[in-house]
>>> print(open('protein-v7.txt').read())   # compact mmCIF, C-alpha atoms
# COMPACT_ATOMS: atom_id res chain seq x y z
CA MET Z 1 63.25 -204.91 -11.37
CA SER Z 2 63.93 -208.37 -10.00
CA MET Z 3 60.45 -209.81 -10.44
CA THR Z 4 59.37 -211.59 -13.59
CA LEU Z 5 56.60 -209.55 -15.16
CA PRO Z 6 53.73 -211.11 -17.11
CA THR Z 7 53.92 -211.14 -20.91
CA PRO Z 8 51.47 -211.85 -23.74
CA THR Z 9 52.82 -215.42 -23.88
CA SER Z 10 52.65 -215.82 -20.08
CA PRO Z 11 49.87 -213.50 -18.92
CA LEU Z 12 48.72 -212.76 -15.40
CA ARG Z 13 45.31 -214.41 -15.03
CA ILE Z 14 42.67 -212.25 -13.33
CA GLY Z 15 39.69 -214.17 -11.97
CA THR Z 16 36.30 -212.52 -11.72
CA ARG Z 17 32.57 -213.06 -11.85
CA GLY Z 18 30.97 -212.41 -15.21
CA SER Z 19 28.53 -209.59 -14.49
CA PRO Z 20 29.16 -206.25 -16.21
CA LEU Z 21 30.10 -204.68 -12.88
CA ALA Z 22 32.47 -207.50 -11.92
CA LEU Z 23 34.14 -207.25 -15.32
CA ALA Z 24 34.46 -203.46 -14.97
CA GLN Z 25 36.26 -204.01 -11.67
CA ALA Z 26 38.59 -206.60 -13.23
CA TYR Z 27 39.35 -204.23 -16.12
CA GLU Z 28 40.12 -201.42 -13.66
CA THR Z 29 42.55 -203.73 -11.88
CA ARG Z 30 44.17 -204.63 -15.20
CA THR Z 31 44.44 -200.97 -16.21
CA ARG Z 32 46.13 -200.02 -12.94
CA LEU Z 33 48.64 -202.89 -13.23
CA MET Z 34 49.33 -201.99 -16.86
CA ALA Z 35 50.10 -198.40 -15.86
CA ALA Z 36 52.18 -199.36 -12.82
CA PHE Z 37 54.48 -201.65 -14.81
CA ASP Z 38 54.16 -200.25 -18.36
CA LEU Z 39 52.65 -203.49 -19.66
CA PRO Z 40 50.38 -204.11 -22.67
CA GLU Z 41 46.82 -205.30 -22.23
CA GLU Z 42 47.84 -208.65 -23.74
CA ALA Z 43 50.00 -209.34 -20.67
CA PHE Z 44 46.78 -210.01 -18.76
CA GLU Z 45 43.98 -212.53 -19.18
CA VAL Z 46 40.58 -211.91 -17.60
CA VAL Z 47 39.09 -215.27 -16.62
CA VAL Z 48 35.33 -215.35 -16.00
CA ILE Z 49 34.22 -217.80 -13.31
CA LYS Z 50 30.56 -218.57 -12.64
CA THR Z 51 29.70 -218.76 -8.95
CA THR Z 52 26.78 -220.37 -7.16
CA GLY Z 53 25.48 -216.93 -6.26
CA ASP Z 54 25.27 -216.04 -9.96
CA ALA Z 55 23.38 -219.23 -10.80
CA VAL Z 56 20.62 -218.97 -8.16
CA LEU Z 57 18.59 -215.80 -8.66
CA ASP Z 58 15.14 -216.69 -7.32
CA ARG Z 59 15.96 -217.07 -3.60
CA PRO Z 60 17.38 -214.74 -0.94
CA LEU Z 61 21.10 -215.13 -0.26
CA LYS Z 62 20.45 -215.95 3.39
CA GLU Z 63 18.58 -219.09 2.28
CA ILE Z 64 21.36 -220.44 0.07
CA GLY Z 65 24.54 -219.69 1.96
CA GLY Z 66 25.37 -215.98 2.23
CA LYS Z 67 28.39 -214.10 0.96
CA GLY Z 68 30.59 -217.11 0.23
CA LEU Z 69 28.32 -217.96 -2.69
CA PHE Z 70 30.01 -215.24 -4.73
CA THR Z 71 33.56 -216.26 -3.89
CA ARG Z 72 33.82 -220.04 -3.41
CA GLU Z 73 34.46 -221.13 -6.99
CA ILE Z 74 36.79 -218.20 -7.62
CA GLU Z 75 38.85 -218.98 -4.53
CA GLU Z 76 39.04 -222.66 -5.48
CA ASP Z 77 40.50 -221.69 -8.86
CA LEU Z 78 42.93 -219.30 -7.14
CA LEU Z 79 44.15 -222.01 -4.77
CA SER Z 80 44.54 -224.52 -7.61
CA GLY Z 81 46.58 -222.09 -9.71
CA LYS Z 82 44.03 -221.68 -12.51
CA ILE Z 83 44.11 -217.93 -11.87
CA ASP Z 84 46.76 -215.68 -10.29
CA ILE Z 85 44.59 -213.06 -8.59
CA ALA Z 86 40.87 -212.66 -7.86
CA VAL Z 87 39.00 -209.35 -8.00
CA HIS Z 88 36.06 -208.90 -5.64
CA SER Z 89 33.49 -206.37 -4.50
CA MET Z 90 34.53 -206.05 -0.87
CA LYS Z 91 30.98 -205.80 0.43
CA ASP Z 92 30.48 -209.38 -0.81
CA MET Z 93 33.56 -210.77 0.93
CA PRO Z 94 33.46 -212.93 4.07
CA VAL Z 95 35.70 -211.61 6.83
CA GLU Z 96 37.88 -214.73 6.73
CA GLN Z 97 39.65 -216.13 3.68
CA PRO Z 98 40.45 -219.80 3.01
CA LEU Z 99 43.79 -221.09 4.29
CA GLY Z 100 46.52 -220.09 1.86
CA LEU Z 101 44.80 -216.98 0.50
CA LEU Z 102 45.31 -213.32 1.45
CA LEU Z 103 43.12 -210.31 0.81
CA ASP Z 104 45.32 -207.28 1.43
CA THR Z 105 45.11 -205.11 -1.68
CA TYR Z 106 42.41 -202.49 -2.25
CA LEU Z 107 41.82 -200.06 -5.09
CA PRO Z 108 40.72 -196.46 -4.35
CA ARG Z 109 37.22 -196.55 -2.91
CA GLU Z 110 34.32 -195.26 -4.98
CA ASP Z 111 31.17 -193.47 -3.75
CA VAL Z 112 29.97 -195.40 -0.67
CA ARG Z 113 26.33 -194.24 -0.84
CA ASP Z 114 23.25 -196.21 -1.81
CA ALA Z 115 21.25 -195.06 -4.81
CA PHE Z 116 17.45 -194.77 -4.87
CA VAL Z 117 16.41 -195.95 -8.33
CA SER Z 118 12.91 -195.33 -9.65
CA PHE Z 119 10.98 -194.23 -12.72
CA GLU Z 120 8.22 -192.91 -10.45
CA ALA Z 121 9.81 -191.01 -7.54
CA SER Z 122 13.04 -189.28 -6.56
CA GLY Z 123 13.27 -190.45 -2.96
CA ILE Z 124 11.89 -192.74 -0.27
CA ALA Z 125 9.70 -189.98 1.19
CA GLU Z 126 7.81 -189.66 -2.12
CA LEU Z 127 6.69 -193.31 -2.17
CA PRO Z 128 2.98 -193.77 -1.43
CA ASP Z 129 1.82 -195.91 1.47
CA GLY Z 130 2.18 -199.62 0.69
CA ALA Z 131 4.47 -199.09 -2.29
CA VAL Z 132 6.33 -202.16 -3.53
CA VAL Z 133 10.09 -201.84 -3.07
CA GLY Z 134 12.54 -204.35 -4.55
CA THR Z 135 15.85 -205.23 -2.91
CA SER Z 136 17.95 -208.33 -2.29
CA SER Z 137 19.83 -206.71 0.59
CA LEU Z 138 18.72 -207.65 4.08
CA ARG Z 139 20.44 -204.52 5.38
CA ARG Z 140 18.48 -202.24 3.03
CA ARG Z 141 15.24 -204.12 3.71
CA SER Z 142 15.65 -203.65 7.46
CA GLN Z 143 16.57 -199.98 7.16
CA LEU Z 144 13.60 -199.29 4.87
CA LEU Z 145 11.10 -201.03 7.14
CA ASN Z 146 12.55 -199.21 10.15
CA ARG Z 147 11.91 -195.84 8.49
CA ARG Z 148 8.80 -196.80 6.48
CA PRO Z 149 7.06 -199.86 7.98
CA ASP Z 150 4.18 -199.38 5.51
CA LEU Z 151 6.33 -200.39 2.53
CA ASN Z 152 6.00 -203.80 0.88
CA VAL Z 153 9.57 -205.04 0.35
CA VAL Z 154 10.04 -207.87 -2.17
CA GLU Z 155 13.07 -209.92 -3.25
CA PHE Z 156 14.93 -208.29 -6.14
CA ARG Z 157 18.11 -210.12 -7.17
CA GLY Z 158 20.34 -210.02 -10.24
CA ASN Z 159 22.94 -207.67 -11.67
CA VAL Z 160 22.33 -203.97 -12.32
CA GLN Z 161 20.86 -204.54 -15.77
CA THR Z 162 18.53 -207.30 -14.54
CA ARG Z 163 17.19 -205.15 -11.72
CA LEU Z 164 16.55 -202.23 -14.05
CA LYS Z 165 14.58 -204.49 -16.40
CA LYS Z 166 12.43 -205.66 -13.48
CA LEU Z 167 11.85 -202.06 -12.46
CA GLY Z 168 10.85 -201.09 -15.99
CA ALA Z 169 8.43 -204.01 -16.08
CA GLY Z 170 6.61 -202.63 -13.03
CA VAL Z 171 7.62 -205.38 -10.60
CA ALA Z 172 8.35 -202.66 -8.03
CA SER Z 173 8.11 -198.87 -7.70
CA CYS Z 174 11.79 -198.55 -6.85
CA THR Z 175 14.95 -200.44 -6.06
CA PHE Z 176 18.33 -199.66 -4.55
CA LEU Z 177 21.80 -200.01 -6.01
CA ALA Z 178 25.26 -198.92 -4.93
CA MET Z 179 26.35 -195.57 -6.36
CA ALA Z 180 29.77 -197.17 -6.87
CA GLY Z 181 28.35 -199.68 -9.32
CA LEU Z 182 26.45 -197.06 -11.28
CA ASN Z 183 29.59 -194.92 -11.51
CA ARG Z 184 31.87 -197.78 -12.56
CA LEU Z 185 29.44 -198.76 -15.30
CA ASP Z 186 28.94 -195.13 -16.42
CA LEU Z 187 25.19 -195.51 -16.05
CA GLU Z 188 24.43 -191.80 -16.03
CA ASN Z 189 21.01 -192.32 -17.60
CA VAL Z 190 19.71 -194.52 -14.78
CA PRO Z 191 17.01 -192.60 -12.84
CA SER Z 192 18.91 -192.56 -9.55
CA THR Z 193 19.34 -190.32 -6.53
CA ALA Z 194 22.21 -190.74 -4.08
CA ILE Z 195 21.04 -191.29 -0.49
CA ASP Z 196 22.94 -189.43 2.22
CA THR Z 197 24.75 -191.79 4.59
CA ASP Z 198 22.93 -190.11 7.50
CA ASP Z 199 19.69 -191.45 6.03
CA MET Z 200 20.91 -194.90 4.95
CA LEU Z 201 24.22 -196.08 6.34
CA PRO Z 202 25.89 -198.32 3.72
CA ALA Z 203 27.09 -201.89 3.94
CA VAL Z 204 30.53 -202.51 5.35
CA ALA Z 205 33.18 -201.99 2.61
CA GLN Z 206 30.62 -200.78 0.06
CA GLY Z 207 32.31 -199.13 -2.92
CA ALA Z 208 35.66 -200.90 -2.41
CA ILE Z 209 37.40 -203.38 -4.73
CA GLY Z 210 39.61 -206.03 -3.14
CA ILE Z 211 42.22 -208.22 -4.80
CA GLU Z 212 42.90 -211.67 -3.39
CA ARG Z 213 46.11 -213.66 -3.93
CA ARG Z 214 47.90 -216.80 -2.83
CA GLY Z 215 49.93 -216.18 0.31
CA ASP Z 216 53.06 -217.78 -1.12
CA ASP Z 217 53.07 -215.89 -4.43
CA ALA Z 218 55.81 -213.30 -3.86
CA ARG Z 219 55.74 -211.99 -7.43
CA VAL Z 220 52.03 -211.18 -7.30
CA ALA Z 221 52.41 -209.67 -3.82
CA GLU Z 222 55.04 -207.26 -5.14
CA MET Z 223 52.95 -206.32 -8.15
CA LEU Z 224 49.83 -205.68 -6.09
CA GLU Z 225 51.73 -203.53 -3.62
CA ALA Z 226 52.19 -201.00 -6.43
CA ILE Z 227 48.43 -200.45 -6.83
CA HIS Z 228 47.26 -200.79 -3.22
CA ASP Z 229 45.36 -197.75 -1.91
CA ILE Z 230 46.44 -197.17 1.69
CA PRO Z 231 43.51 -194.92 2.78
CA THR Z 232 40.99 -197.50 1.61
CA GLY Z 233 42.87 -200.18 3.52
CA GLN Z 234 42.82 -198.05 6.67
CA ARG Z 235 39.07 -197.54 6.44
CA LEU Z 236 38.34 -201.20 5.74
CA ALA Z 237 40.53 -202.33 8.64
CA CYS Z 238 38.04 -200.66 10.96
CA GLU Z 239 34.89 -201.73 9.13
CA ARG Z 240 35.86 -205.37 8.67
CA ALA Z 241 37.06 -205.69 12.28
CA TYR Z 242 33.61 -204.49 13.34
CA LEU Z 243 31.93 -206.92 10.95
CA ALA Z 244 34.08 -209.83 12.11
CA ARG Z 245 33.21 -209.12 15.75
CA LEU Z 246 29.51 -209.24 14.88
CA ASP Z 247 29.94 -212.35 12.72
CA GLY Z 248 28.47 -210.46 9.79
CA SER Z 249 27.16 -212.20 6.67
CA CYS Z 250 24.31 -211.81 4.23
CA GLU Z 251 22.10 -213.14 7.03
CA THR Z 252 22.80 -210.10 9.19
CA PRO Z 253 21.41 -206.56 8.77
CA ILE Z 254 24.59 -204.65 9.60
CA ALA Z 255 25.80 -201.26 8.35
CA GLY Z 256 29.06 -199.47 9.01
CA LEU Z 257 31.17 -196.68 7.55
CA ALA Z 258 34.65 -195.44 8.44
CA GLU Z 259 35.78 -192.05 7.13
CA LEU Z 260 39.21 -190.41 7.30
CA ASP Z 261 39.93 -186.89 8.47
CA GLY Z 262 43.69 -186.45 8.49
CA GLY Z 263 45.03 -188.95 11.01
CA THR Z 264 41.60 -189.57 12.54
CA VAL Z 265 39.05 -192.25 11.65
CA ARG Z 266 35.38 -191.54 12.30
CA PHE Z 267 33.24 -194.68 12.45
CA ARG Z 268 29.45 -194.97 12.41
CA ALA Z 269 27.61 -198.25 12.86
CA GLU Z 270 24.09 -199.64 12.85
CA ILE Z 271 22.54 -203.04 13.53
CA LEU Z 272 18.87 -203.87 12.98
CA ARG Z 273 16.27 -206.55 13.35
CA PRO Z 274 15.38 -207.99 9.93
CA ASP Z 275 11.79 -206.75 10.21
CA GLY Z 276 12.99 -203.21 10.95
CA THR Z 277 11.22 -202.99 14.29
CA GLU Z 278 14.39 -201.99 16.11
CA ALA Z 279 17.67 -200.35 15.16
CA LEU Z 280 20.71 -199.61 17.31
CA SER Z 281 23.47 -197.22 16.30
CA ASP Z 282 26.82 -196.04 17.63
CA ALA Z 283 29.71 -193.81 16.58
CA GLU Z 284 33.28 -193.19 17.66
CA SER Z 285 36.54 -191.65 16.45
CA SER Z 286 40.11 -192.85 16.91
CA THR Z 287 43.57 -192.65 15.41
CA ILE Z 288 44.24 -194.65 12.27
CA GLU Z 289 46.47 -197.00 14.27
CA ASP Z 290 43.62 -197.83 16.66
CA ALA Z 291 40.85 -198.02 14.04
CA ALA Z 292 40.51 -201.81 13.98
CA GLU Z 293 40.25 -201.97 17.76
CA MET Z 294 37.69 -199.16 17.64
CA GLY Z 295 35.59 -201.20 15.20
CA ARG Z 296 35.62 -204.14 17.59
CA ALA Z 297 34.78 -201.88 20.56
CA VAL Z 298 31.77 -200.40 18.73
CA ALA Z 299 30.56 -203.92 17.91
CA ASP Z 300 30.90 -204.91 21.57
CA ARG Z 301 28.92 -201.88 22.75
CA LEU Z 302 26.11 -202.57 20.31
CA THR Z 303 26.02 -206.19 21.42
CA GLU Z 304 25.82 -205.15 25.07
CA ARG Z 305 22.96 -202.72 24.35
CA ALA Z 306 20.93 -205.19 22.31
CA PRO Z 307 17.98 -206.94 23.98
CA GLU Z 308 18.38 -210.61 24.78
CA ASN Z 309 16.66 -211.86 21.64
CA PHE Z 310 17.96 -209.15 19.27
CA PHE Z 311 20.46 -211.47 17.59
CA ASP Z 312 18.06 -214.31 16.95
CA TRP Z 313 18.55 -213.65 13.24
CA ARG Z 314 22.13 -214.98 13.59
CA SER Z 315 21.02 -218.47 14.60
>>> encode(input="protein-v7.txt", output="structure tokens")
Amino acid sequence: MSMTLPTPTSPLRIGTRGSPLALAQAYETRTRLMAAFDLPEEAFEVVVIKTTGDAVLDRPLKEIGGKGLFTREIEEDLLSGKIDIAVHSMKDMPVEQPLGLLLDTYLPREDVRDAFVSFEASGIAELPDGAVVGTSSLRRRSQLLNRRPDLNVVEFRGNVQTRLKKLGAGVASCTFLAMAGLNRLDLENVPSTAIDTDDMLPAVAQGAIGIERRGDDARVAEMLEAIHDIPTGQRLACERAYLARLDGSCETPIAGLAELDGGTVRFRAEILRPDGTEALSDAESSTIEDAAEMGRAVADRLTERAPENFFDWRS
């Protein structure tokens, strides 16, 4: 092989946030690279980087800057050469990367569904009128209030462990997590129930891990090509094209899911008002080659159907 592989004395530096889930995703990336190139664990260094989003836990993301809060410091270190690759939860990633960086490697996608987590009930329908529900996701908040306007939805931020502690302390009757996170952390004892995507359409790219690199780093590009999951990339091409067309961020209640069936991509989408008073949905199928254009077309149709003031939440 012509490329120079990392060694224990010159390791590949993997940048990540420091939460247990973020670290699990970085370790999965390391494990896949180790297997692909028959390298020891010591040939990699996991570098923990604290982001603004990790430091501010008492305010909604929409008030402090949206998705970029979980990536800015990591991307700065990637551009400066302090790290060689960055591992991200794709649902947290803005649709555009800083100049000089590329996000074109995805690991096999995990379970895309949301998880209902509660010590008191096994599903949304079992919650009593006026129950307190904790979530930091504007998308989940909007979907919940659309289905159950009687619920009292409160801000619930922090990593998986933090949210479970709040739940155990009685701050809320239930919360919602991604099934992917529970699976990657092997949290089988968490009182959770997977929610069918027909009942709660997930966030764009939920369950997917993305690996970001410098555009001019040919060695890293070649290494990452060996672990890239093509089906996940095909699905995210559609979902992120849709999100980009809608200018999606943490300030926007947007859901979308692309699924593969042979050479066909089925895409379902939903946009909502933040207070849940109105929801618009659409669905379409196309070939894999046309999936990104389909995502944009679905976004355009939803935009055309929306009332004049529907997108006030984007201002």
>>> closest_atom_pairs(input="protein-v7.txt", of="range 53-139 of chain Z", to="range 255-275 of chain Z", cutoff="12 Å", atoms="all atoms listed in the file", output="CSV")
residue,atom,partner,partner_atom,distance
Z:Lys62,CA,Z:Pro274,CA,11.5
Z:Lys91,CA,Z:Ala255,CA,10.5
Z:Arg109,CA,Z:Glu259,CA,11.1
Z:Asp111,CA,Z:Leu257,CA,11.7
Z:Val112,CA,Z:Leu257,CA,8.4
Z:Arg113,CA,Z:Leu257,CA,10.0
Z:Asp114,CA,Z:Ala255,CA,11.6
Z:Ser137,CA,Z:Pro274,CA,10.4
Z:Leu138,CA,Z:Pro274,CA,6.7
Z:Arg139,CA,Z:Ala255,CA,6.9
>>> closest_atom_pairs(input="protein-v7.txt", of="range 95-143 of chain Z", to="range 211-229 of chain Z", cutoff="10 Å", atoms="all atoms listed in the file", output="CSV")
residue,atom,partner,partner_atom,distance
Z:Gln97,CA,Z:Glu212,CA,9.0
Z:Pro98,CA,Z:Arg214,CA,9.9
Z:Leu99,CA,Z:Gly215,CA,8.8
Z:Gly100,CA,Z:Gly215,CA,5.4
Z:Leu101,CA,Z:Arg214,CA,4.6
Z:Leu102,CA,Z:Arg213,CA,5.4
Z:Leu103,CA,Z:Glu212,CA,4.4
Z:Asp104,CA,Z:Glu212,CA,7.0
Z:Thr105,CA,Z:His228,CA,5.1
Z:Tyr106,CA,Z:His228,CA,5.2
Z:Leu107,CA,Z:Asp229,CA,5.3
Z:Pro108,CA,Z:Asp229,CA,5.4
Z:Arg109,CA,Z:Asp229,CA,8.3
>>> atom_distance(input="protein-v7.txt", atom1="CA of Phe44 in chain Z", atom2="CA of Glu73 in chain Z")
20.3 Å
>>> closest_residue(input="protein-v7.txt", among="Z:Ser118, Z:Arg301, Z:Ser80, Z:Val46", to="Lys165 in chain Z", atoms="all atoms listed in the file")
Z:Ser118
>>> residues_around(input="protein-v7.txt", residues="range 172-175 of chain Z", least_positions_apart="2", cutoff="12 Å", atoms="all atoms listed in the file", output="JSON, numbers by chain")
{"Z": [114, 115, 116, 117, 118, 119, 120, 121, 122, 123, 124, 125, 126, 127, 128, 129, 130, 131, 132, 133, 134, 135, 136, 137, 140, 141, 144, 151, 152, 153, 154, 155, 156, 157, 158, 160, 162, 163, 164, 165, 166, 167, 168, 169, 170, 177, 178, 190, 191, 192, 193]}
>>> atom_distance(input="protein-v7.txt", atom1="CA of Leu280 in chain Z", atom2="CA of Ala244 in chain Z")
17.6 Å
>>> atom_distance(input="protein-v7.txt", atom1="CA of Ala283 in chain Z", atom2="CA of Pro253 in chain Z")
17.1 Å
>>> closest_residue(input="protein-v7.txt", among="Z:Val87, Z:Ala208, Z:Val171, Z:Met34", to="Ile49 in chain Z", atoms="only C-alpha atoms")
Z:Val87
>>> residues_around(input="protein-v7.txt", residues="Leu246 in chain Z", least_positions_apart="6", cutoff="12 Å", atoms="only C-alpha atoms", output="PyMOL selection string")
chain Z and resi 95+204+239-240+252-256+269-271+295-304+311+313-314
>>> write_last_selection(input="protein-v7.txt", atoms="C-alpha atoms", output="mmCIF file, in the frame of the given file")
data_model
loop_
_atom_site.group_PDB
_atom_site.id
_atom_site.type_symbol
_atom_site.label_atom_id
_atom_site.label_comp_id
_atom_site.auth_asym_id
_atom_site.auth_seq_id
_atom_site.Cartn_x
_atom_site.Cartn_y
_atom_site.Cartn_z
ATOM 1 C CA VAL Z 95 35.700 -211.610 6.830
ATOM 2 C CA VAL Z 204 30.530 -202.510 5.350
ATOM 3 C CA GLU Z 239 34.890 -201.730 9.130
ATOM 4 C CA ARG Z 240 35.860 -205.370 8.670
ATOM 5 C CA THR Z 252 22.800 -210.100 9.190
ATOM 6 C CA PRO Z 253 21.410 -206.560 8.770
ATOM 7 C CA ILE Z 254 24.590 -204.650 9.600
ATOM 8 C CA ALA Z 255 25.800 -201.260 8.350
ATOM 9 C CA GLY Z 256 29.060 -199.470 9.010
ATOM 10 C CA ALA Z 269 27.610 -198.250 12.860
ATOM 11 C CA GLU Z 270 24.090 -199.640 12.850
ATOM 12 C CA ILE Z 271 22.540 -203.040 13.530
ATOM 13 C CA GLY Z 295 35.590 -201.200 15.200
ATOM 14 C CA ARG Z 296 35.620 -204.140 17.590
ATOM 15 C CA ALA Z 297 34.780 -201.880 20.560
ATOM 16 C CA VAL Z 298 31.770 -200.400 18.730
ATOM 17 C CA ALA Z 299 30.560 -203.920 17.910
ATOM 18 C CA ASP Z 300 30.900 -204.910 21.570
ATOM 19 C CA ARG Z 301 28.920 -201.880 22.750
ATOM 20 C CA LEU Z 302 26.110 -202.570 20.310
ATOM 21 C CA THR Z 303 26.020 -206.190 21.420
ATOM 22 C CA GLU Z 304 25.820 -205.150 25.070
ATOM 23 C CA PHE Z 311 20.460 -211.470 17.590
ATOM 24 C CA TRP Z 313 18.550 -213.650 13.240
ATOM 25 C CA ARG Z 314 22.130 -214.980 13.590
#
>>> residues_around(input="protein-v7.txt", residues="Leu12 in chain Z", least_positions_apart="5", cutoff="8 Å", atoms="all atoms listed in the file", output="ChimeraX atom specification")
/Z:6-7,43-45,83-85
>>> write_last_selection(input="protein-v7.txt", atoms="C-alpha atoms", output="short mmCIF file (atom, residue, chain, number, x, y, z; two decimals), in the frame of the given file")
data_model
loop_
_atom_site.label_atom_id
_atom_site.label_comp_id
_atom_site.auth_asym_id
_atom_site.auth_seq_id
_atom_site.Cartn_x
_atom_site.Cartn_y
_atom_site.Cartn_z
CA PRO Z 6 53.73 -211.11 -17.11
CA THR Z 7 53.92 -211.14 -20.91
CA ALA Z 43 50.00 -209.34 -20.67
CA PHE Z 44 46.78 -210.01 -18.76
CA GLU Z 45 43.98 -212.53 -19.18
CA ILE Z 83 44.11 -217.93 -11.87
CA ASP Z 84 46.76 -215.68 -10.29
CA ILE Z 85 44.59 -213.06 -8.59
#
>>> closest_residue(input="protein-v7.txt", among="Z:Glu96, Z:Arg72, Z:Gly210, Z:Leu201", to="Thr29 in chain Z", atoms="all atoms listed in the file")
Z:Gly210
>>> closest_residue(input="protein-v7.txt", among="Z:His88, Z:Arg148, Z:Arg32, Z:Arg245", to="Gly207 in chain Z", atoms="only C-alpha atoms")
Z:His88
>>> build_atoms(input="protein-v7.txt", residues="range 92-107 of chain Z", atoms="N, CA, C and O atoms", output="short mmCIF file (atom, residue, chain, number, x, y, z; two decimals), in the frame of the given file")
data_model
loop_
_atom_site.label_atom_id
_atom_site.label_comp_id
_atom_site.auth_asym_id
_atom_site.auth_seq_id
_atom_site.Cartn_x
_atom_site.Cartn_y
_atom_site.Cartn_z
N ASP Z 92 30.90 -207.99 -0.66
CA ASP Z 92 30.48 -209.38 -0.81
C ASP Z 92 31.43 -210.37 -0.13
O ASP Z 92 31.16 -211.57 -0.13
N MET Z 93 32.52 -209.88 0.44
CA MET Z 93 33.56 -210.77 0.93
C MET Z 93 33.37 -211.17 2.39
O MET Z 93 33.18 -210.33 3.26
N PRO Z 94 33.43 -212.49 2.68
CA PRO Z 94 33.46 -212.93 4.07
C PRO Z 94 34.67 -212.33 4.78
O PRO Z 94 35.65 -211.94 4.14
N VAL Z 95 34.60 -212.24 6.10
CA VAL Z 95 35.70 -211.61 6.83
C VAL Z 95 36.91 -212.52 6.97
O VAL Z 95 38.00 -212.06 7.31
N GLU Z 96 36.75 -213.80 6.69
CA GLU Z 96 37.88 -214.73 6.73
C GLU Z 96 38.07 -215.37 5.37
O GLU Z 96 37.10 -215.73 4.71
N GLN Z 97 39.34 -215.50 4.96
CA GLN Z 97 39.65 -216.13 3.68
C GLN Z 97 40.12 -217.57 3.91
O GLN Z 97 40.62 -217.91 4.98
N PRO Z 98 39.98 -218.42 2.89
CA PRO Z 98 40.45 -219.80 3.01
C PRO Z 98 41.95 -219.86 3.31
O PRO Z 98 42.71 -218.95 2.93
N LEU Z 99 42.38 -220.91 3.97
CA LEU Z 99 43.79 -221.09 4.29
C LEU Z 99 44.62 -221.05 3.01
O LEU Z 99 44.31 -221.71 2.03
N GLY Z 100 45.65 -220.22 3.02
CA GLY Z 100 46.52 -220.09 1.86
C GLY Z 100 46.25 -218.88 1.00
O GLY Z 100 47.03 -218.56 0.11
N LEU Z 101 45.14 -218.16 1.29
CA LEU Z 101 44.80 -216.98 0.50
C LEU Z 101 44.85 -215.72 1.37
O LEU Z 101 44.54 -215.76 2.56
N LEU Z 102 45.24 -214.61 0.76
CA LEU Z 102 45.31 -213.32 1.45
C LEU Z 102 44.53 -212.28 0.67
O LEU Z 102 44.56 -212.25 -0.57
N LEU Z 103 43.87 -211.41 1.40
CA LEU Z 103 43.12 -210.31 0.81
C LEU Z 103 43.64 -209.03 1.45
O LEU Z 103 43.19 -208.61 2.50
N ASP Z 104 44.65 -208.43 0.81
CA ASP Z 104 45.32 -207.28 1.43
C ASP Z 104 45.63 -206.16 0.44
O ASP Z 104 46.45 -205.30 0.72
N THR Z 105 44.93 -206.17 -0.69
CA THR Z 105 45.11 -205.11 -1.68
C THR Z 105 43.75 -204.52 -2.03
O THR Z 105 42.81 -205.26 -2.35
N TYR Z 106 43.67 -203.18 -1.95
CA TYR Z 106 42.41 -202.49 -2.25
C TYR Z 106 42.67 -201.37 -3.23
O TYR Z 106 43.67 -200.65 -3.13
N LEU Z 107 41.74 -201.19 -4.17
CA LEU Z 107 41.82 -200.06 -5.09
C LEU Z 107 41.12 -198.86 -4.43
O LEU Z 107 40.37 -199.02 -3.48
#
